[in-house]
Amino acid sequence: MAFNKVILLGNLTRDPETRSTSGGASVTNFSVAVNESWVDKSGEKQERTSFIECEAWGQRGETIAKYFTKGRQILVEGRLRQDTWEDKDTGKNRSAIRVAVDSFSFVNDGKSGAGSGSGSGKSSTEEISDEPINLDDIPF
């Protein structure tokens with residue numbers, strides 16, 4: 001049995017980039033910065049930022065590209081996927097792990113246009129809350 005699920009809340013590190021495959025499908029790539037902080041053994045606050053590459057296909061990706069820009073906060077849900085390829089210059093095998101986006105949500109980060117959406121490309125009729133997401137309330 002296997003379980004592959006990722007939920008990230010972070011800020012885009014660059015504007016999303018959309019391209020089309022030779023078969024006509026659109027794919028949007030973007031990177032999310034996720035911060036982590038803790039207190040070390042000596043009582044000093046430590047911080048670390050991880051930069052996570054994400055990929056969204058079709059209408060979901062096109063919606064992200066339309067409404068999100070560098071610095072905007074996003075909640076992404078998806079699964080980890082490992083890509084492997086041969087480096088053209090060195091001939092060595094390379095790999096990268098990225099998040100294949102299944103859904104996303106707008107996060108009210110104080111910037112204009114913040115709202116809530118399922119990432120399906122359809123407009124949401126849900127009430128938008130100004131309350132920030134408290135990660136301690138997530139039951140896992």
# chains A, B, ... in the order shown; residues from 1 in each chain; ligands from 1
>>> residues_around(residues="segment 29-33 of chain A", least_positions_apart="5", cutoff="10 Å", atoms="only C-alpha atoms", output="PyMOL selection string")
chain A and resi 8-19+49-57+61+64-65+68-76+98-101
>>> atom_distance(atom1="atom CA of Glu62 of chain A", atom2="atom CA of Gly23 of chain A")
16.4 Å
>>> closest_residue(among="A:Ser103, A:Gln46, A:Asn108, A:Ser22", to="Gly78 of chain A", atoms="only C-alpha atoms")
A:Ser103
>>> closest_residue(among="A:Ala2, A:Glu77, A:Gly91, A:Glu36", to="Phe106 of chain A", atoms="only C-alpha atoms")
A:Glu77
>>> atom_distance(atom1="atom CA of Phe3 of chain A", atom2="atom CA of Asn93 of chain A")
26.5 Å
>>> residues_around(residues="Ser20 of chain A", least_positions_apart="6", cutoff="10 Å", atoms="only C-alpha atoms", output="ChimeraX atom specification")
/A:26-28,57-58
>>> select_by_dssp(residues="segment 15-127 of chain A", states="helix (DSSP H, G or I)", output="PyMOL selection string")
chain A and resi 58-67
>>> write_last_selection(atoms="N, CA, C and O atoms", output="PDB file, in the first residue's frame")
ATOM      1  N   GLY A  58      -3.507  21.545 -17.898  1.00  0.00           N
ATOM      2  CA  GLY A  58      -4.814  21.942 -18.411  1.00  0.00           C
ATOM      3  C   GLY A  58      -5.369  23.213 -17.810  1.00  0.00           C
ATOM      4  O   GLY A  58      -4.634  24.156 -17.511  1.00  0.00           O
ATOM      5  N   GLN A  59      -6.693  23.220 -17.638  1.00  0.00           N
ATOM      6  CA  GLN A  59      -7.403  24.405 -17.139  1.00  0.00           C
ATOM      7  C   GLN A  59      -6.909  24.823 -15.763  1.00  0.00           C
ATOM      8  O   GLN A  59      -6.805  26.010 -15.462  1.00  0.00           O
ATOM      9  N   ARG A  60      -6.561  23.863 -14.929  1.00  0.00           N
ATOM     10  CA  ARG A  60      -6.054  24.166 -13.587  1.00  0.00           C
ATOM     11  C   ARG A  60      -4.795  25.036 -13.692  1.00  0.00           C
ATOM     12  O   ARG A  60      -4.669  26.065 -13.036  1.00  0.00           O
ATOM     13  N   GLY A  61      -3.867  24.623 -14.528  1.00  0.00           N
ATOM     14  CA  GLY A  61      -2.639  25.390 -14.714  1.00  0.00           C
ATOM     15  C   GLY A  61      -2.886  26.743 -15.355  1.00  0.00           C
ATOM     16  O   GLY A  61      -2.261  27.746 -14.981  1.00  0.00           O
ATOM     17  N   GLU A  62      -3.789  26.799 -16.311  1.00  0.00           N
ATOM     18  CA  GLU A  62      -4.103  28.064 -16.968  1.00  0.00           C
ATOM     19  C   GLU A  62      -4.715  29.058 -15.983  1.00  0.00           C
ATOM     20  O   GLU A  62      -4.434  30.252 -16.033  1.00  0.00           O
ATOM     21  N   THR A  63      -5.531  28.561 -15.054  1.00  0.00           N
ATOM     22  CA  THR A  63      -6.122  29.424 -14.032  1.00  0.00           C
ATOM     23  C   THR A  63      -5.038  29.962 -13.095  1.00  0.00           C
ATOM     24  O   THR A  63      -5.036  31.147 -12.743  1.00  0.00           O
ATOM     25  N   ILE A  64      -4.118  29.105 -12.708  1.00  0.00           N
ATOM     26  CA  ILE A  64      -3.015  29.553 -11.859  1.00  0.00           C
ATOM     27  C   ILE A  64      -2.209  30.633 -12.575  1.00  0.00           C
ATOM     28  O   ILE A  64      -1.885  31.676 -11.996  1.00  0.00           O
ATOM     29  N   ALA A  65      -1.904  30.407 -13.845  1.00  0.00           N
ATOM     30  CA  ALA A  65      -1.124  31.385 -14.612  1.00  0.00           C
ATOM     31  C   ALA A  65      -1.867  32.717 -14.750  1.00  0.00           C
ATOM     32  O   ALA A  65      -1.245  33.782 -14.761  1.00  0.00           O
ATOM     33  N   LYS A  66      -3.180  32.656 -14.830  1.00  0.00           N
ATOM     34  CA  LYS A  66      -3.970  33.877 -15.014  1.00  0.00           C
ATOM     35  C   LYS A  66      -4.064  34.704 -13.740  1.00  0.00           C
ATOM     36  O   LYS A  66      -3.998  35.931 -13.788  1.00  0.00           O
ATOM     37  N   TYR A  67      -4.198  34.064 -12.579  1.00  0.00           N
ATOM     38  CA  TYR A  67      -4.497  34.791 -11.348  1.00  0.00           C
ATOM     39  C   TYR A  67      -3.337  34.905 -10.362  1.00  0.00           C
ATOM     40  O   TYR A  67      -3.440  35.643  -9.388  1.00  0.00           O
TER      41      TYR A  67
END
>>> residues_around(residues="Arg48 of chain A", least_positions_apart="5", cutoff="10 Å", atoms="only C-alpha atoms", output="list in words")
Val34, Asn35, Glu36, Ser37 and Trp38 of chain A
>>> atom_distance(atom1="atom CA of Asp83 of chain A", atom2="atom CA of Ala25 of chain A")
18.3 Å
